Amino acid sequence: MRTIALLTDFGLSDSYAGAMKGAILTISSNVNLVDLTHNADSHNIEKASFLLLSSYRYFPKKTIFVAVVDPGVGSKRKAVALKTRNYYFVGPDNGILSLAACDDGIKRIVSLDNKKYFSETISGTFHGRDIFASVAAYISKNVKITSLGGTLRQMKTLHFSVPQIKDNMLIGQIIHIDKFGNLVTNIKKKYFLKFIKKGRFIAHLKGKSIRNIYNFYEESDIENPFFIEGSSSFLEISLKRRNARKYFKSRTKDKIIIRRIF
Amino acid sequence: MRTIALLTDFGLSDSYAGAMKGAILTISSNVNLVDLTHNADSHNIEKASFLLLSSYRYFPKKTIFVAVVDPGVGSKRKAVALKTRNYYFVGPDNGILSLAACDDGIKRIVSLDNKKYFSETISGTFHGRDIFASVAAYISKNVKITSLGGTLRQMKTLHFSVPQIKDNMLIGQIIHIDKFGNLVTNIKKKYFLKFIKKGRFIAHLKGKSIRNIYNFYEESDIENPFFIEGSSSFLEISLKRRNARKYFKSRTKDKIIIRRIF
Amino acid sequence: MRTIALLTDFGLSDSYAGAMKGAILTISSNVNLVDLTHNADSHNIEKASFLLLSSYRYFPKKTIFVAVVDPGVGSKRKAVALKTRNYYFVGPDNGILSLAACDDGIKRIVSLDNKKYFSETISGTFHGRDIFASVAAYISKNVKITSLGGTLRQMKTLHFSVPQIKDNMLIGQIIHIDKFGNLVTNIKKKYFLKFIKKGRFIAHLKGKSIRNIYNFYEESDIENPFFIEGSSSFLEISLKRRNARKYFKSRTKDKIIIRRIF
């Protein structure tokens, strides 16, 4: 059975996500529907794009991801379907698909032009239900993505901020904060270890320091924040059984500076 | 595979919704379970009824909707199953099913009397699990609804407030506010267009005015609120990338007054 | 189709729960995935354990429950799979599984040692995805739990506080508060009825009194709190269409004292 995974900013108090699933099942009842989240921040394409990047690879090959954070719905922004090395992605052409799709390796980008694969009536405000859900359902029924519309040479792609080295400092930033208050940085653990060369380090975030890196939470005492490799292989800043977001008063885009100590 | 769609006010922090699904799967493991929402306002039958109305038609034919906002659980209020033109509905006889079922066209109303299709033990507080889930599961296995109990001539039906025309003003009200702050009115776009006859208009809500109607969000500037046809074909009041609920300080049941300008 | 039911403290705003489901479907696409809740209080093993206890028995036999509230993830705490009389349970050996598993009757405890049934790479922070989801998926494919690792004689077991009788008073406590504000006690209705012997009673919680017991909410007036048998067969303290938590300003672990009146 094919999997269709949904990521939206529709929330769970309205019936929007439910209506998308209804639209899918009307076309193809033999799919596994999985929610990545429907609580993406309203209109925040960057954050949703990171959530997709950090989870897509744990899904079965050929999973179809439908991602809809779409403030431009109904306007001239394109709608696209992508085939990547292992997966399919469907959504607005506003960058939301780009981090995950580029990470997996894009094989084809198609502009969703063929109305045959849309719902009969198209709302001006809810392409998630009337276009993206419908198209995903047809892909799950093995409709070729080249049938969906013309091939595009390029699509809108988000810039994923990579850490910088400057004056012997490794400079990264907070790109996501999870429910536990863990601060996800844009620094891969491998890259960090290469930078500190098995030496000691001190990192600063919002005027407070981090001096340790651990493999799991329980290695730490309860007082001091530490780095830990998160589940998406980026370094995270955590506090044992406490909330690092509150401790640092940190937000996404905050800068983190790491220095070697000799 | 049949779809069973659930709408409750049970929230997502307890395991009530999960237990309903367990009860369904115990009887019928070959169904697609879809959440419409479990975050309906506690005990708010009207709001839940609107959510069901606005989403039911996007589901596959023969979908069984189970809607449980049920402050009268365990009392003498009846429990019902409905067959409509295209769907089945199961829930308490308190009006929650009425807007969607009437919209689709009711073919039969049955009082849930036959305990054969209930769980073995019936909690006085959780008919969602012990009666409604169980009955829905049996319907998905093609048990006829006439087997579930006696036919009723009528059921409790909510009054859906329709817009009024008075002294050349079109008077409607806010019937739902979604996660984005969009204010859903009870005025269908068609009805509005017929009223303004291609002319200009001015609308007032909570002392502020609305002067434009658009087909999609991006047509608007960022300053001014506007009408837009929402995904359930009612007019909504929105602000581009902002929250109209906060802008108007509006609540459900607020009155909106529309005048033609000559 | 086998059911796998998930209970975590991962929340619904990140994609952690989604990634667990992706990991399961990668191994076994022919399962029913059900969320018990992902909103268990962060790191609160006791509360999660109660949620599992109160809902597991409504699931089909052979359901596999995966429960992950796991502050000790990555440390030396064991990971276990249990076979009980009717079900399977998978999770950290920190007590989270113990109330439900003991209630159903444990037949075998296995330490998850066999890496063959884990994901290829194991994150130090997300065994929910890399170990527990994976193992549950293999159990759903009929891998014997004895293949998963060595049998254990015992596991960490939570102490479920049972009510006490002292100086002719029945003393219980609040063990859970649900979304509606219903206060779930640790007193089974049967036990309560035996104590009061068909007589009258007065109960005290946080300086306020309860004098009635009803079978359903609508039996009560709107002013006075009352006992009612909740859906998990424990007595709950409720207020008709109001929030008993707010009325009593109560929290879990608050003591409730019941006296007979002659």
# chains A, B, ... in the order shown; residues from 1 in each chain; ligands from 1
call {"tool": "residues_around", "arguments": {"residues": "A:Ser54", "least_positions_apart": "2", "cutoff": "8 Å", "atoms": "only C-alpha atoms", "output": "ChimeraX atom specification"}}
result
/A:50-52,56-57,100,232 /C:15
call {"tool": "write_last_selection", "arguments": {"atoms": "C-alpha atoms", "output": "CSV table (one decimal), in the first residue's frame"}}
result
chain,number,residue,atom,x,y,z
A,50,PHE,CA,12.8,22.1,7.6
A,51,LEU,CA,10.2,19.8,9.1
A,52,LEU,CA,9.9,18.0,5.7
A,56,TYR,CA,11.1,12.5,4.8
A,57,ARG,CA,13.9,10.0,4.6
A,100,ALA,CA,13.9,17.8,1.2
A,232,SER,CA,18.0,14.7,12.1
C,15,SER,CA,7.3,15.7,12.7
call {"tool": "interface_residues", "arguments": {"of": "chain A", "to": "chain B", "cutoff": "12 Å", "atoms": "only C-alpha atoms", "output": "short mmCIF file (atom, residue, chain, number, x, y, z; two decimals) with all heavy atoms, in the first residue's frame"}}
result
data_model
loop_
_atom_site.label_atom_id
_atom_site.label_comp_id
_atom_site.auth_asym_id
_atom_site.auth_seq_id
_atom_site.Cartn_x
_atom_site.Cartn_y
_atom_site.Cartn_z
N ASP A 9 -0.19 23.84 7.39
CA ASP A 9 -0.39 24.78 8.50
C ASP A 9 -1.88 24.95 8.79
O ASP A 9 -2.29 25.99 9.29
CB ASP A 9 0.28 26.13 8.19
CG ASP A 9 -0.31 26.84 6.97
OD1 ASP A 9 -1.14 26.24 6.26
OD2 ASP A 9 0.06 28.00 6.73
N PHE A 10 -2.67 23.92 8.51
CA PHE A 10 -4.13 24.03 8.63
C PHE A 10 -4.63 23.86 10.06
O PHE A 10 -5.80 24.12 10.34
CB PHE A 10 -4.83 23.00 7.75
CG PHE A 10 -4.60 23.20 6.27
CD1 PHE A 10 -4.72 22.14 5.39
CD2 PHE A 10 -4.26 24.44 5.76
CE1 PHE A 10 -4.52 22.32 4.02
CE2 PHE A 10 -4.05 24.63 4.39
CZ PHE A 10 -4.19 23.56 3.52
N GLY A 11 -3.76 23.42 10.96
CA GLY A 11 -4.21 23.20 12.33
C GLY A 11 -5.10 21.98 12.45
O GLY A 11 -5.41 21.30 11.46
N LEU A 12 -5.51 21.69 13.69
CA LEU A 12 -6.31 20.50 13.95
C LEU A 12 -7.68 20.84 14.53
O LEU A 12 -8.40 19.97 14.98
CB LEU A 12 -5.56 19.57 14.90
CG LEU A 12 -4.29 18.96 14.29
CD1 LEU A 12 -3.45 18.29 15.36
CD2 LEU A 12 -4.66 17.95 13.21
N SER A 13 -8.05 22.12 14.50
CA SER A 13 -9.34 22.52 15.05
C SER A 13 -10.38 22.74 13.96
O SER A 13 -11.58 22.70 14.24
CB SER A 13 -9.19 23.79 15.89
OG SER A 13 -8.37 23.51 17.00
N ASP A 14 -9.96 22.97 12.75
CA ASP A 14 -10.88 23.02 11.63
C ASP A 14 -10.89 21.64 10.98
O ASP A 14 -10.20 20.73 11.41
CB ASP A 14 -10.43 24.09 10.63
CG ASP A 14 -10.43 25.47 11.27
OD1 ASP A 14 -11.51 25.92 11.68
OD2 ASP A 14 -9.35 26.08 11.38
N SER A 15 -11.68 21.50 9.93
CA SER A 15 -11.73 20.19 9.27
C SER A 15 -10.98 20.20 7.94
O SER A 15 -11.21 19.35 7.09
CB SER A 15 -13.18 19.75 9.10
OG SER A 15 -13.93 20.76 8.48
N TYR A 16 -10.05 21.15 7.77
CA TYR A 16 -9.32 21.26 6.50
C TYR A 16 -8.48 20.01 6.22
O TYR A 16 -8.50 19.47 5.10
CB TYR A 16 -8.40 22.48 6.51
CG TYR A 16 -9.11 23.81 6.64
CD1 TYR A 16 -8.60 24.81 7.46
CD2 TYR A 16 -10.27 24.09 5.94
CE1 TYR A 16 -9.23 26.05 7.58
CE2 TYR A 16 -10.91 25.32 6.05
CZ TYR A 16 -10.37 26.30 6.87
OH TYR A 16 -11.00 27.52 6.98
N ALA A 17 -7.71 19.57 7.22
CA ALA A 17 -6.87 18.39 6.99
C ALA A 17 -7.74 17.17 6.71
O ALA A 17 -7.43 16.35 5.84
CB ALA A 17 -5.97 18.14 8.21
N GLY A 18 -8.85 17.07 7.44
CA GLY A 18 -9.78 15.98 7.19
C GLY A 18 -10.34 16.01 5.78
O GLY A 18 -10.44 14.98 5.11
N ALA A 19 -10.66 17.20 5.30
CA ALA A 19 -11.22 17.32 3.95
C ALA A 19 -10.19 16.91 2.89
O ALA A 19 -10.53 16.30 1.88
CB ALA A 19 -11.70 18.75 3.70
N MET A 20 -8.90 17.22 3.13
CA MET A 20 -7.85 16.76 2.21
C MET A 20 -7.83 15.23 2.14
O MET A 20 -7.69 14.64 1.07
CB MET A 20 -6.47 17.24 2.68
CG MET A 20 -6.15 18.68 2.34
SD MET A 20 -4.45 19.12 2.85
CE MET A 20 -3.45 18.25 1.61
N LYS A 21 -7.96 14.61 3.31
CA LYS A 21 -7.94 13.15 3.34
C LYS A 21 -9.18 12.57 2.64
O LYS A 21 -9.09 11.58 1.93
CB LYS A 21 -7.84 12.65 4.78
CG LYS A 21 -6.51 13.01 5.42
CD LYS A 21 -6.45 12.52 6.86
CE LYS A 21 -5.24 13.12 7.56
NZ LYS A 21 -5.22 12.76 9.00
N GLY A 22 -10.31 13.23 2.86
CA GLY A 22 -11.52 12.81 2.16
C GLY A 22 -11.32 12.86 0.65
O GLY A 22 -11.68 11.93 -0.08
N ALA A 23 -10.71 13.96 0.19
CA ALA A 23 -10.47 14.13 -1.25
C ALA A 23 -9.54 13.04 -1.78
O ALA A 23 -9.75 12.51 -2.88
CB ALA A 23 -9.88 15.51 -1.52
N ILE A 24 -8.52 12.69 -1.01
CA ILE A 24 -7.60 11.62 -1.43
C ILE A 24 -8.34 10.29 -1.51
O ILE A 24 -8.27 9.57 -2.50
CB ILE A 24 -6.41 11.51 -0.45
CG1 ILE A 24 -5.49 12.72 -0.60
CG2 ILE A 24 -5.63 10.20 -0.68
CD1 ILE A 24 -4.42 12.84 0.48
N LEU A 25 -9.07 9.96 -0.45
CA LEU A 25 -9.73 8.65 -0.38
C LEU A 25 -10.84 8.50 -1.41
O LEU A 25 -11.19 7.39 -1.80
CB LEU A 25 -10.27 8.41 1.03
CG LEU A 25 -9.20 8.27 2.12
CD1 LEU A 25 -9.84 8.26 3.50
CD2 LEU A 25 -8.36 7.02 1.92
N THR A 26 -11.39 9.63 -1.84
CA THR A 26 -12.41 9.58 -2.89
C THR A 26 -11.81 9.04 -4.19
O THR A 26 -12.46 8.34 -4.96
CB THR A 26 -13.01 10.99 -3.13
OG1 THR A 26 -13.63 11.42 -1.92
CG2 THR A 26 -14.03 11.00 -4.25
N ILE A 27 -10.53 9.34 -4.39
CA ILE A 27 -9.85 8.90 -5.63
C ILE A 27 -9.16 7.56 -5.43
O ILE A 27 -9.15 6.71 -6.30
CB ILE A 27 -8.82 9.98 -6.05
CG1 ILE A 27 -9.57 11.25 -6.45
CG2 ILE A 27 -7.94 9.47 -7.19
CD1 ILE A 27 -8.69 12.48 -6.49
N SER A 28 -8.60 7.36 -4.24
CA SER A 28 -7.77 6.18 -4.02
C SER A 28 -7.93 5.72 -2.57
O SER A 28 -7.37 6.34 -1.67
CB SER A 28 -6.30 6.57 -4.30
OG SER A 28 -5.45 5.52 -3.93
N SER A 29 -8.70 4.67 -2.36
CA SER A 29 -9.00 4.32 -0.97
C SER A 29 -7.95 3.40 -0.38
O SER A 29 -7.97 3.08 0.80
CB SER A 29 -10.37 3.65 -0.88
OG SER A 29 -10.27 2.32 -1.34
N ASN A 30 -7.00 3.01 -1.20
CA ASN A 30 -6.04 2.00 -0.74
C ASN A 30 -4.67 2.61 -0.46
O ASN A 30 -3.67 2.22 -1.05
CB ASN A 30 -5.94 0.90 -1.81
CG ASN A 30 -5.58 -0.41 -1.19
OD1 ASN A 30 -5.94 -0.68 -0.04
ND2 ASN A 30 -4.84 -1.23 -1.93
N VAL A 31 -4.65 3.62 0.41
CA VAL A 31 -3.39 4.28 0.76
C VAL A 31 -3.26 4.39 2.27
O VAL A 31 -4.25 4.35 3.00
CB VAL A 31 -3.33 5.73 0.18
CG1 VAL A 31 -3.17 5.71 -1.32
CG2 VAL A 31 -4.56 6.53 0.59
N ASN A 32 -2.03 4.51 2.72
CA ASN A 32 -1.79 4.84 4.12
C ASN A 32 -1.60 6.35 4.22
O ASN A 32 -0.67 6.90 3.63
CB ASN A 32 -0.51 4.15 4.62
CG ASN A 32 -0.72 2.67 4.89
OD1 ASN A 32 -1.71 2.30 5.49
ND2 ASN A 32 0.19 1.84 4.41
N LEU A 33 -2.47 7.00 4.98
CA LEU A 33 -2.37 8.44 5.18
C LEU A 33 -1.66 8.73 6.48
O LEU A 33 -2.06 8.23 7.53
CB LEU A 33 -3.77 9.05 5.21
CG LEU A 33 -4.54 8.98 3.90
CD1 LEU A 33 -5.98 9.44 4.09
CD2 LEU A 33 -3.86 9.81 2.82
N VAL A 34 -0.59 9.51 6.41
CA VAL A 34 0.17 9.84 7.62
C VAL A 34 0.28 11.36 7.75
O VAL A 34 0.55 12.05 6.77
CB VAL A 34 1.59 9.24 7.56
CG1 VAL A 34 2.41 9.67 8.77
CG2 VAL A 34 1.53 7.72 7.50
N ASP A 35 0.04 11.86 8.95
CA ASP A 35 0.24 13.28 9.21
C ASP A 35 1.68 13.53 9.64
O ASP A 35 2.13 12.97 10.65
CB ASP A 35 -0.68 13.74 10.36
CG ASP A 35 -2.15 13.56 10.02
OD1 ASP A 35 -2.53 13.92 8.90
OD2 ASP A 35 -2.89 13.07 10.88
N HIS A 38 0.12 19.13 11.08
CA HIS A 38 -0.74 20.17 10.52
C HIS A 38 -0.60 21.45 11.34
O HIS A 38 -1.32 22.41 11.13
CB HIS A 38 -2.20 19.70 10.49
CG HIS A 38 -2.39 18.54 9.59
ND1 HIS A 38 -2.31 18.63 8.23
CD2 HIS A 38 -2.56 17.22 9.86
CE1 HIS A 38 -2.48 17.43 7.68
NE2 HIS A 38 -2.63 16.57 8.66
N ASN A 39 0.36 21.46 12.24
CA ASN A 39 0.59 22.61 13.10
C ASN A 39 1.80 23.43 12.69
O ASN A 39 2.39 24.13 13.52
CB ASN A 39 0.75 22.15 14.55
CG ASN A 39 -0.55 21.68 15.14
OD1 ASN A 39 -1.62 22.12 14.74
ND2 ASN A 39 -0.48 20.77 16.10
N ALA A 40 2.22 23.33 11.43
CA ALA A 40 3.28 24.23 10.96
C ALA A 40 2.81 25.67 11.20
O ALA A 40 1.62 25.96 11.10
CB ALA A 40 3.55 23.99 9.49
N ASP A 41 3.74 26.55 11.54
CA ASP A 41 3.36 27.95 11.77
C ASP A 41 2.67 28.51 10.53
O ASP A 41 3.15 28.33 9.42
CB ASP A 41 4.60 28.80 12.06
CG ASP A 41 5.21 28.48 13.41
OD1 ASP A 41 4.62 27.69 14.17
OD2 ASP A 41 6.29 29.01 13.70
N SER A 42 1.57 29.23 10.75
CA SER A 42 0.81 29.79 9.63
C SER A 42 1.72 30.58 8.69
O SER A 42 2.45 31.46 9.13
CB SER A 42 -0.28 30.75 10.14
OG SER A 42 -1.16 30.08 11.00
N HIS A 43 1.68 30.23 7.42
CA HIS A 43 2.40 30.98 6.37
C HIS A 43 3.92 30.90 6.48
O HIS A 43 4.62 31.58 5.75
CB HIS A 43 1.99 32.47 6.37
CG HIS A 43 0.52 32.70 6.39
ND1 HIS A 43 -0.36 31.91 5.67
CD2 HIS A 43 -0.25 33.62 7.05
CE1 HIS A 43 -1.60 32.35 5.88
NE2 HIS A 43 -1.56 33.37 6.71
N ASN A 44 4.48 30.08 7.39
CA ASN A 44 5.93 30.02 7.56
C ASN A 44 6.52 28.89 6.71
O ASN A 44 6.64 27.74 7.14
CB ASN A 44 6.25 29.80 9.04
CG ASN A 44 7.74 29.96 9.32
OD1 ASN A 44 8.57 29.76 8.43
ND2 ASN A 44 8.07 30.30 10.55
N VAL A 69 1.89 24.86 2.81
CA VAL A 69 1.88 26.15 3.51
C VAL A 69 1.92 27.13 2.35
O VAL A 69 2.92 27.20 1.64
CB VAL A 69 3.10 26.30 4.43
CG1 VAL A 69 3.14 27.69 5.05
CG2 VAL A 69 3.06 25.23 5.52
N ASP A 70 0.83 27.82 2.13
CA ASP A 70 0.58 28.34 0.79
C ASP A 70 -0.09 29.70 0.82
O ASP A 70 -1.21 29.87 0.34
CB ASP A 70 -0.30 27.31 0.07
CG ASP A 70 -0.43 27.58 -1.42
OD1 ASP A 70 0.36 28.37 -1.96
OD2 ASP A 70 -1.34 26.99 -2.04
N PRO A 71 0.59 30.72 1.36
CA PRO A 71 -0.05 32.04 1.42
C PRO A 71 -0.43 32.58 0.04
O PRO A 71 -1.33 33.39 -0.07
CB PRO A 71 1.00 32.92 2.11
CG PRO A 71 2.27 32.15 2.09
CD PRO A 71 1.92 30.71 1.99
N GLY A 72 0.25 32.09 -1.01
CA GLY A 72 -0.05 32.59 -2.36
C GLY A 72 -1.13 31.81 -3.08
O GLY A 72 -1.29 31.97 -4.28
N VAL A 73 -1.88 30.99 -2.33
CA VAL A 73 -2.90 30.13 -2.98
C VAL A 73 -3.82 30.95 -3.89
O VAL A 73 -4.30 32.02 -3.51
CB VAL A 73 -3.73 29.36 -1.93
CG1 VAL A 73 -4.46 30.28 -0.97
CG2 VAL A 73 -4.70 28.39 -2.59
N GLY A 74 -4.04 30.43 -5.10
CA GLY A 74 -4.97 31.07 -6.02
C GLY A 74 -4.30 32.10 -6.92
O GLY A 74 -4.87 32.49 -7.94
N SER A 75 -3.11 32.57 -6.55
CA SER A 75 -2.42 33.57 -7.37
C SER A 75 -1.66 32.87 -8.49
O SER A 75 -1.87 31.71 -8.78
CB SER A 75 -1.44 34.36 -6.49
OG SER A 75 -0.35 33.55 -6.11
N LYS A 76 -0.73 33.59 -9.12
CA LYS A 76 0.00 33.04 -10.26
C LYS A 76 1.12 32.09 -9.85
O LYS A 76 1.78 31.51 -10.71
CB LYS A 76 0.59 34.18 -11.11
CG LYS A 76 -0.46 35.05 -11.80
CD LYS A 76 -1.07 34.33 -13.02
CE LYS A 76 -2.13 35.20 -13.71
NZ LYS A 76 -3.03 34.41 -14.56
N ARG A 77 1.37 31.94 -8.55
CA ARG A 77 2.42 30.99 -8.15
C ARG A 77 2.09 29.62 -8.73
O ARG A 77 0.94 29.23 -8.76
CB ARG A 77 2.57 30.95 -6.62
CG ARG A 77 1.42 30.29 -5.85
CD ARG A 77 1.71 28.89 -5.37
NE ARG A 77 0.56 28.28 -4.72
CZ ARG A 77 -0.42 27.67 -5.39
NH1 ARG A 77 -0.41 27.60 -6.69
NH2 ARG A 77 -1.42 27.11 -4.71
N SER A 119 -9.76 18.34 -8.65
CA SER A 119 -11.18 18.19 -8.34
C SER A 119 -12.01 18.92 -9.39
O SER A 119 -11.49 19.78 -10.10
CB SER A 119 -11.49 18.79 -6.96
OG SER A 119 -10.84 18.07 -5.96
N GLU A 120 -13.29 18.59 -9.44
CA GLU A 120 -14.13 19.22 -10.45
C GLU A 120 -14.23 20.73 -10.28
O GLU A 120 -14.13 21.48 -11.22
CB GLU A 120 -15.54 18.62 -10.42
CG GLU A 120 -15.64 17.40 -11.32
CD GLU A 120 -16.96 16.71 -11.15
OE1 GLU A 120 -18.00 17.38 -11.26
OE2 GLU A 120 -16.95 15.49 -10.88
N THR A 121 -14.43 21.17 -9.02
CA THR A 121 -14.46 22.61 -8.78
C THR A 121 -13.25 22.97 -7.92
O THR A 121 -12.90 22.25 -6.99
CB THR A 121 -15.75 23.04 -8.06
OG1 THR A 121 -15.89 22.23 -6.90
CG2 THR A 121 -16.96 22.86 -8.95
N ILE A 122 -12.63 24.08 -8.24
CA ILE A 122 -11.41 24.49 -7.57
C ILE A 122 -11.68 25.74 -6.76
O ILE A 122 -11.96 26.80 -7.33
CB ILE A 122 -10.30 24.81 -8.60
CG1 ILE A 122 -10.14 23.69 -9.64
CG2 ILE A 122 -8.97 25.10 -7.90
CD1 ILE A 122 -9.64 22.40 -9.10
N SER A 123 -11.59 25.63 -5.46
CA SER A 123 -11.74 26.79 -4.60
C SER A 123 -10.53 27.71 -4.80
O SER A 123 -9.41 27.26 -5.05
CB SER A 123 -11.81 26.31 -3.15
OG SER A 123 -11.35 27.31 -2.28
N GLY A 124 -10.76 29.01 -4.67
CA GLY A 124 -9.65 29.96 -4.77
C GLY A 124 -8.79 30.00 -3.54
O GLY A 124 -7.75 30.67 -3.50
N THR A 125 -9.22 29.31 -2.47
CA THR A 125 -8.49 29.40 -1.21
C THR A 125 -8.01 28.05 -0.69
O THR A 125 -7.34 27.99 0.34
CB THR A 125 -9.40 29.99 -0.11
OG1 THR A 125 -10.57 29.17 0.02
CG2 THR A 125 -9.82 31.41 -0.43
N PHE A 126 -8.33 26.96 -1.36
CA PHE A 126 -8.01 25.66 -0.77
C PHE A 126 -7.52 24.67 -1.83
O PHE A 126 -8.15 23.66 -2.10
CB PHE A 126 -9.24 25.12 -0.05
CG PHE A 126 -8.97 23.99 0.91
CD1 PHE A 126 -7.68 23.55 1.18
CD2 PHE A 126 -10.01 23.36 1.58
CE1 PHE A 126 -7.44 22.51 2.06
CE2 PHE A 126 -9.78 22.32 2.47
CZ PHE A 126 -8.49 21.90 2.71
N HIS A 127 -6.36 24.98 -2.42
CA HIS A 127 -5.76 24.07 -3.38
C HIS A 127 -5.24 22.80 -2.71
O HIS A 127 -5.07 21.79 -3.37
CB HIS A 127 -4.63 24.77 -4.15
CG HIS A 127 -5.14 25.81 -5.09
ND1 HIS A 127 -4.33 26.47 -5.99
CD2 HIS A 127 -6.39 26.31 -5.30
CE1 HIS A 127 -5.06 27.33 -6.69
NE2 HIS A 127 -6.30 27.26 -6.27
N GLY A 128 -5.00 22.86 -1.40
CA GLY A 128 -4.61 21.66 -0.67
C GLY A 128 -5.58 20.53 -0.91
O GLY A 128 -5.19 19.39 -1.18
N ARG A 129 -6.85 20.86 -0.84
CA ARG A 129 -7.90 19.87 -1.05
C ARG A 129 -8.17 19.63 -2.54
O ARG A 129 -8.28 18.48 -2.97
CB ARG A 129 -9.18 20.37 -0.38
CG ARG A 129 -10.37 19.44 -0.46
CD ARG A 129 -11.64 20.15 0.02
NE ARG A 129 -12.02 21.20 -0.90
CZ ARG A 129 -12.83 22.23 -0.61
NH1 ARG A 129 -13.33 22.34 0.62
NH2 ARG A 129 -13.11 23.15 -1.50
N ASP A 130 -8.24 20.71 -3.32
CA ASP A 130 -8.79 20.60 -4.68
C ASP A 130 -7.74 20.28 -5.74
O ASP A 130 -8.08 19.81 -6.82
CB ASP A 130 -9.53 21.89 -5.05
CG ASP A 130 -10.69 22.17 -4.11
OD1 ASP A 130 -11.24 21.21 -3.55
OD2 ASP A 130 -11.04 23.35 -3.91
N ALA A 133 -4.14 17.39 -2.96
CA ALA A 133 -4.61 16.08 -2.48
C ALA A 133 -5.01 15.21 -3.66
O ALA A 133 -4.65 14.03 -3.73
CB ALA A 133 -5.80 16.27 -1.53
N SER A 134 -5.71 15.81 -4.59
CA SER A 134 -6.20 15.08 -5.75
C SER A 134 -5.04 14.53 -6.59
O SER A 134 -5.00 13.34 -6.94
CB SER A 134 -7.07 16.05 -6.55
OG SER A 134 -7.53 15.46 -7.74
#
call {"tool": "select_by_dssp", "arguments": {"residues": "stretch 75-217 of chain C", "states": "strand (DSSP E or B)", "output": "JSON, numbers by chain"}}
result
{"C": [79, 80, 81, 82, 83, 84, 88, 89, 90, 91, 92, 106, 107, 108, 109, 110, 111, 151, 152, 164, 165, 166, 169, 170, 171, 172, 173, 174, 175, 176, 177, 183, 184, 185, 186, 187, 188, 200, 201, 202, 203, 204, 205, 208, 209, 210, 213, 214]}
call {"tool": "select_by_dssp", "arguments": {"residues": "stretch 66-201 of chain A", "states": "alpha helix (DSSP H)", "output": "PyMOL selection string"}}
result
chain A and resi 98-104+127+133-140+189-196
call {"tool": "write_last_selection", "arguments": {"atoms": "C-alpha atoms", "output": "PDB file, in the first residue's frame"}}
result
ATOM      1  CA  SER A  98      12.904  22.357  -1.972  1.00  0.00           C
ATOM      2  CA  LEU A  99      15.071  21.380   1.002  1.00  0.00           C
ATOM      3  CA  ALA A 100      13.853  17.782   1.159  1.00  0.00           C
ATOM      4  CA  ALA A 101      13.658  17.316  -2.593  1.00  0.00           C
ATOM      5  CA  CYS A 102      17.158  18.702  -3.232  1.00  0.00           C
ATOM      6  CA  ASP A 103      18.491  16.557  -0.379  1.00  0.00           C
ATOM      7  CA  ASP A 104      17.068  13.437  -1.981  1.00  0.00           C
ATOM      8  CA  HIS A 127      -5.760  24.070  -3.383  1.00  0.00           C
ATOM      9  CA  ALA A 133      -4.611  16.083  -2.478  1.00  0.00           C
ATOM     10  CA  SER A 134      -6.197  15.077  -5.746  1.00  0.00           C
ATOM     11  CA  VAL A 135      -2.902  14.971  -7.650  1.00  0.00           C
ATOM     12  CA  ALA A 136      -1.226  12.976  -4.862  1.00  0.00           C
ATOM     13  CA  ALA A 137      -4.051  10.443  -4.957  1.00  0.00           C
ATOM     14  CA  TYR A 138      -3.573   9.975  -8.701  1.00  0.00           C
ATOM     15  CA  ILE A 139       0.200   9.535  -8.273  1.00  0.00           C
ATOM     16  CA  SER A 140      -0.557   6.826  -5.699  1.00  0.00           C
ATOM     17  CA  LYS A 189      27.770  17.027  14.283  1.00  0.00           C
ATOM     18  CA  LYS A 190      30.416  15.807  11.847  1.00  0.00           C
ATOM     19  CA  TYR A 191      31.197  19.361  10.810  1.00  0.00           C
ATOM     20  CA  PHE A 192      31.428  20.484  14.438  1.00  0.00           C
ATOM     21  CA  LEU A 193      33.827  17.669  15.369  1.00  0.00           C
ATOM     22  CA  LYS A 194      36.053  18.503  12.422  1.00  0.00           C
ATOM     23  CA  PHE A 195      36.141  22.114  13.560  1.00  0.00           C
ATOM     24  CA  ILE A 196      37.040  21.464  17.201  1.00  0.00           C
TER      25      ILE A 196
END
call {"tool": "residues_around", "arguments": {"residues": "C:Glu46", "least_positions_apart": "6", "cutoff": "9 Å", "atoms": "only C-alpha atoms", "output": "list in words"}}
result
Gly95, Ile96, Leu158 and Phe160 of chain C
